[in-house]
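Below: the structure, in structure tokens.
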Amino acid sequence: MKVLVTGGAGYLGSITCKALEEAGHTPVVLDSLLVGPRQYVGDRIFYEGDIADRNLVRKVAAEHPDIEATIHMAARIVVPESVELPYEYYRDNVAKSLELFDELVALGKPRILFSSTASLYALKDDFEVREDDGLSTSSPYARTKRMMEQVLEDMALATDLRAVILRYFNPIGADPDLETGYHLKDATHVVPLMAQTALGQRDVFTITGTDLPTRDGTGIRDYIHAWDLAKAHVRAIEKFDSVLEAVGTPSTVINIGGGDGVTVRELLAAVERVVGRPVPVREAPSRPGDAVGAFANADKAYELLGWKTELSLDDAIASALAWGEKRKSILGYD
């Protein structure tokens, strides 16, 4: 099938496009290139522009009337930046998405697969979260994602829109061919930072938050290989109608994670194990908006999508390290 992918020039968007192609589908990329690099689009069908540009969305639909669904991945995603730039985050993640959703419904393209986040979950004593557990948004970024979930849920009740919402846990690594991967110059995510430190591109890795209520005082996350995450999107697109039929509602939320909790110190030990040498570290307080963390109960993903992670934490770390060594040749910077 043909699938519109907003944010398809981004880190996860580009890898998802490759997964769609490998499964025999055709991605149509819509991206403003605010964050994603142009070279990540490759030779795919590409429209450069804003998701809120209704005329552009109409043009895409007119030129590709066989688009059957949209994977909406376009968003600002940096938690500390969202604290500093709340207006930009609400404008780009919420207001512009509203225009996109309304236009897609008007065009008769009501199937939307939405990229959400596990950072919505409230802290639990055992850290394992299910889709119906309590929520507590600790940053403007997380609040924009929750708002968009609510928008999709409400529009699905009132219009023809249908939504499958994937709550991502913590994707790391690159695409299997090392053609695309994490691309931000100033990395904010933990594994790229560790990888750059291990490769000597940074002097030290900073552990932010060491007095948290976890087994070793550092944040806990559920790390998943980006390729596994991309394949979850393929399954969700292919099974879109049957998923909603099975749950009996016009929208649903699905956790996409590995089902294992890993602390920052444990992740650091894994990186050192994979790379074969120590990573210099220092400790610092938590950053604004940082969450203690959680890991997924991913039973629903297996039941509805037939999906579970196939690649290990070490696989994902090795992929991130390999990409860290290669990305300068592709992007022009470490």
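Just remember, in the structure tokens the first chain shown is A, the second B, etc., residues are 1-based per chain, and ligands are 1-based in the order shown.
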
Next item on the list: Please identify which residues in stretch 83-317 of chain A DSSP calls alpha helix (DSSP H) from the backbone, and express them as a count of residues only.
Entry: 90

Notebook entry, point to check: Can you list, as a list in words, every protein, DNA or RNA residue that comes within 6 Å of stretch 318-332 of chain A when you count only C-alpha atoms, leaving out same-chain residues fewer than 6 positions away?
Noted result: Gly173, Ala174, Leu178 and Ala195 of chain A

Each stretch 46-82 of chain A residue no farther than 12 Å from stretch 145-168 of chain A, nearest pair in Å, only C-alpha atoms, as a tab-separated table:
residue	atom	partner	partner_atom	distance
A:Glu68	CA	A:Arg162	CA	11.9
A:Ala69	CA	A:Arg162	CA	9.8
A:Thr70	CA	A:Ala163	CA	9.7
A:Ile71	CA	A:Val164	CA	9.6
A:His72	CA	A:Ile165	CA	9.8
A:Met73	CA	A:Leu166	CA	10.5
A:Ala74	CA	A:Lys145	CA	11.4
A:Ala75	CA	A:Lys145	CA	9.2
A:Arg76	CA	A:Lys145	CA	10.1
A:Ile77	CA	A:Lys145	CA	9.5
A:Val79	CA	A:Lys145	CA	11.6
A:Ser82	CA	A:Lys145	CA	11.7

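Around A:Thr16, within 10 Å and counting only C-alpha atoms, the residues found are A:Val5, A:Gly8, A:Ala9, A:Gly10, A:Tyr11, A:Leu12, A:Leu20, A:Glu21, A:Glu22, A:Pro27, A:Ile71, A:Met73, A:Asp175, A:Ala226, A:Trp227, A:Asp228, A:Leu229, A:Ala230, A:Lys231, A:Ala232, A:His233, A:Val234, once anything fewer than 4 positions away on its own chain is removed.
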
Limited to C-alpha atoms, could you put the picked residues into a file as an mmCIF file, in the first residue's frame?
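Wrote it out as selection.cif, contents follow:
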data_model
loop_
_atom_site.group_PDB
_atom_site.id
_atom_site.type_symbol
_atom_site.label_atom_id
_atom_site.label_comp_id
_atom_site.auth_asym_id
_atom_site.auth_seq_id
_atom_site.Cartn_x
_atom_site.Cartn_y
_atom_site.Cartn_z
ATOM 1 C CA VAL A 5 4.779 9.562 6.401
ATOM 2 C CA GLY A 8 9.782 10.921 7.104
ATOM 3 C CA ALA A 9 13.132 12.718 6.864
ATOM 4 C CA GLY A 10 13.744 12.327 10.586
ATOM 5 C CA TYR A 11 15.662 9.721 12.543
ATOM 6 C CA LEU A 12 12.777 7.326 13.175
ATOM 7 C CA LEU A 20 7.760 -0.021 4.844
ATOM 8 C CA GLU A 21 9.712 -0.458 1.605
ATOM 9 C CA GLU A 22 11.175 -3.777 2.721
ATOM 10 C CA PRO A 27 6.145 5.713 1.626
ATOM 11 C CA ILE A 71 1.949 7.714 9.846
ATOM 12 C CA MET A 73 5.770 11.275 13.067
ATOM 13 C CA ASP A 175 18.834 1.329 10.295
ATOM 14 C CA ALA A 226 14.913 1.549 16.129
ATOM 15 C CA TRP A 227 14.529 -1.199 13.537
ATOM 16 C CA ASP A 228 12.163 -3.141 15.795
ATOM 17 C CA LEU A 229 10.178 0.069 16.310
ATOM 18 C CA ALA A 230 10.016 0.656 12.566
ATOM 19 C CA LYS A 231 8.693 -2.849 11.998
ATOM 20 C CA ALA A 232 5.999 -2.217 14.617
ATOM 21 C CA HIS A 233 4.734 0.594 12.380
ATOM 22 C CA VAL A 234 4.572 -1.748 9.423
#

Item checked: Contacts of stretch 293-308 of chain A within 6 Å, only C-alpha atoms, excl. fewer than 3 positions in-chain, as a ChimeraX atom specification -> /A:127-130,219-222,235,243,254-255,257,259-261

Export N, CA, C and O atoms of the chosen residues as a PDB file, in the first residue's frame?
ATOM      1  N   PHE A 127       7.471   0.189  38.068  1.00  0.00           N
ATOM      2  CA  PHE A 127       7.910   0.813  36.819  1.00  0.00           C
ATOM      3  C   PHE A 127       7.323   0.181  35.556  1.00  0.00           C
ATOM      4  O   PHE A 127       7.523   0.702  34.461  1.00  0.00           O
ATOM      5  N   GLU A 128       6.602  -0.923  35.656  1.00  0.00           N
ATOM      6  CA  GLU A 128       6.008  -1.561  34.481  1.00  0.00           C
ATOM      7  C   GLU A 128       4.643  -0.935  34.203  1.00  0.00           C
ATOM      8  O   GLU A 128       3.781  -0.906  35.085  1.00  0.00           O
ATOM      9  N   VAL A 129       4.437  -0.444  32.995  1.00  0.00           N
ATOM     10  CA  VAL A 129       3.208   0.287  32.687  1.00  0.00           C
ATOM     11  C   VAL A 129       2.422  -0.380  31.563  1.00  0.00           C
ATOM     12  O   VAL A 129       2.977  -0.854  30.576  1.00  0.00           O
ATOM     13  N   ARG A 130       1.099  -0.407  31.751  1.00  0.00           N
ATOM     14  CA  ARG A 130       0.160  -0.861  30.737  1.00  0.00           C
ATOM     15  C   ARG A 130      -0.569   0.345  30.157  1.00  0.00           C
ATOM     16  O   ARG A 130      -0.593   1.425  30.760  1.00  0.00           O
ATOM     17  N   GLY A 219      17.769   7.047  36.324  1.00  0.00           N
ATOM     18  CA  GLY A 219      16.522   6.857  35.593  1.00  0.00           C
ATOM     19  C   GLY A 219      16.425   5.481  34.961  1.00  0.00           C
ATOM     20  O   GLY A 219      17.446   4.852  34.632  1.00  0.00           O
ATOM     21  N   ILE A 220      15.205   5.017  34.795  1.00  0.00           N
ATOM     22  CA  ILE A 220      14.967   3.688  34.210  1.00  0.00           C
ATOM     23  C   ILE A 220      14.180   3.851  32.911  1.00  0.00           C
ATOM     24  O   ILE A 220      13.256   4.669  32.827  1.00  0.00           O
ATOM     25  N   ARG A 221      14.589   3.117  31.897  1.00  0.00           N
ATOM     26  CA  ARG A 221      13.961   3.211  30.583  1.00  0.00           C
ATOM     27  C   ARG A 221      13.830   1.823  29.975  1.00  0.00           C
ATOM     28  O   ARG A 221      14.430   0.855  30.440  1.00  0.00           O
ATOM     29  N   ASP A 222      13.080   1.760  28.893  1.00  0.00           N
ATOM     30  CA  ASP A 222      12.893   0.534  28.124  1.00  0.00           C
ATOM     31  C   ASP A 222      13.464   0.805  26.738  1.00  0.00           C
ATOM     32  O   ASP A 222      12.861   1.488  25.927  1.00  0.00           O
ATOM     33  N   ARG A 235       3.594  -3.367  10.941  1.00  0.00           N
ATOM     34  CA  ARG A 235       2.527  -4.256  11.413  1.00  0.00           C
ATOM     35  C   ARG A 235       1.245  -3.463  11.690  1.00  0.00           C
ATOM     36  O   ARG A 235       0.138  -3.923  11.366  1.00  0.00           O
ATOM     37  N   VAL A 243      -7.141  -4.244  13.958  1.00  0.00           N
ATOM     38  CA  VAL A 243      -6.844  -3.837  15.334  1.00  0.00           C
ATOM     39  C   VAL A 243      -8.035  -3.113  15.945  1.00  0.00           C
ATOM     40  O   VAL A 243      -8.493  -3.432  17.052  1.00  0.00           O
ATOM     41  N   ILE A 254      -1.318   1.618  21.988  1.00  0.00           N
ATOM     42  CA  ILE A 254      -0.506   0.401  22.091  1.00  0.00           C
ATOM     43  C   ILE A 254       0.908   0.763  22.519  1.00  0.00           C
ATOM     44  O   ILE A 254       1.557   1.611  21.882  1.00  0.00           O
ATOM     45  N   ASN A 255       1.395   0.128  23.569  1.00  0.00           N
ATOM     46  CA  ASN A 255       2.793   0.290  23.972  1.00  0.00           C
ATOM     47  C   ASN A 255       3.718  -0.413  22.989  1.00  0.00           C
ATOM     48  O   ASN A 255       3.470  -1.555  22.603  1.00  0.00           O
ATOM     49  N   GLY A 257       7.484  -1.377  23.189  1.00  0.00           N
ATOM     50  CA  GLY A 257       8.710  -1.451  23.973  1.00  0.00           C
ATOM     51  C   GLY A 257       9.153  -2.887  24.110  1.00  0.00           C
ATOM     52  O   GLY A 257       8.477  -3.822  23.677  1.00  0.00           O
ATOM     53  N   GLY A 259       9.857  -4.441  27.072  1.00  0.00           N
ATOM     54  CA  GLY A 259       9.367  -5.099  28.274  1.00  0.00           C
ATOM     55  C   GLY A 259      10.408  -5.306  29.352  1.00  0.00           C
ATOM     56  O   GLY A 259      10.194  -6.083  30.279  1.00  0.00           O
ATOM     57  N   ASP A 260      11.538  -4.599  29.233  1.00  0.00           N
ATOM     58  CA  ASP A 260      12.598  -4.712  30.237  1.00  0.00           C
ATOM     59  C   ASP A 260      13.018  -3.325  30.700  1.00  0.00           C
ATOM     60  O   ASP A 260      13.212  -2.427  29.879  1.00  0.00           O
ATOM     61  N   GLY A 261      13.194  -3.165  32.011  1.00  0.00           N
ATOM     62  CA  GLY A 261      13.669  -1.907  32.557  1.00  0.00           C
ATOM     63  C   GLY A 261      15.179  -1.912  32.700  1.00  0.00           C
ATOM     64  O   GLY A 261      15.752  -2.841  33.272  1.00  0.00           O
TER      65      GLY A 261
END

Notebook entry, point to check: Between A:Leu120, A:Leu33, A:Val28, A:Leu104, which has the minimum distance to A:Arg143 (counting only C-alpha atoms)?
Noted result: A:Leu120

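Reported to one decimal place, the separation of atom CA of A:Ser251 from atom CA of A:Arg58 is 24.2 Å.
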
Which residues of stretch 154-232 of chain A come within 10 Å of stretch 267-276 of chain A, and for each one, what is the closest pair of atoms and their distance in Å to one decimal, counting only C-alpha atoms, sorted by chain and residue number, as a Markdown table?
| residue | atom | partner | partner_atom | distance |
| --- | --- | --- | --- | --- |
| A:Val190 | CA | A:Leu267 | CA | 9.1 |
| A:Val191 | CA | A:Leu267 | CA | 8.3 |
| A:Met194 | CA | A:Leu268 | CA | 7.4 |
| A:Ala195 | CA | A:Val271 | CA | 7.6 |
| A:Ala198 | CA | A:Val275 | CA | 7.2 |
| A:Leu199 | CA | A:Val275 | CA | 8.6 |
| A:Phe205 | CA | A:Leu268 | CA | 9.4 |
| A:Ile207 | CA | A:Leu268 | CA | 9.4 |
| A:Ile220 | CA | A:Leu267 | CA | 9.4 |
| A:Arg221 | CA | A:Leu267 | CA | 9.3 |
| A:Tyr223 | CA | A:Leu267 | CA | 9.1 |

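Atom CA of A:Gln196 is found 26.2 Å from atom CA of A:Ala19.
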
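Using only C-alpha atoms, the shortest contact distance between A:Glu48 and any of A:Val204, A:Gly7, A:Asp66, A:Glu84 is found at A:Gly7.
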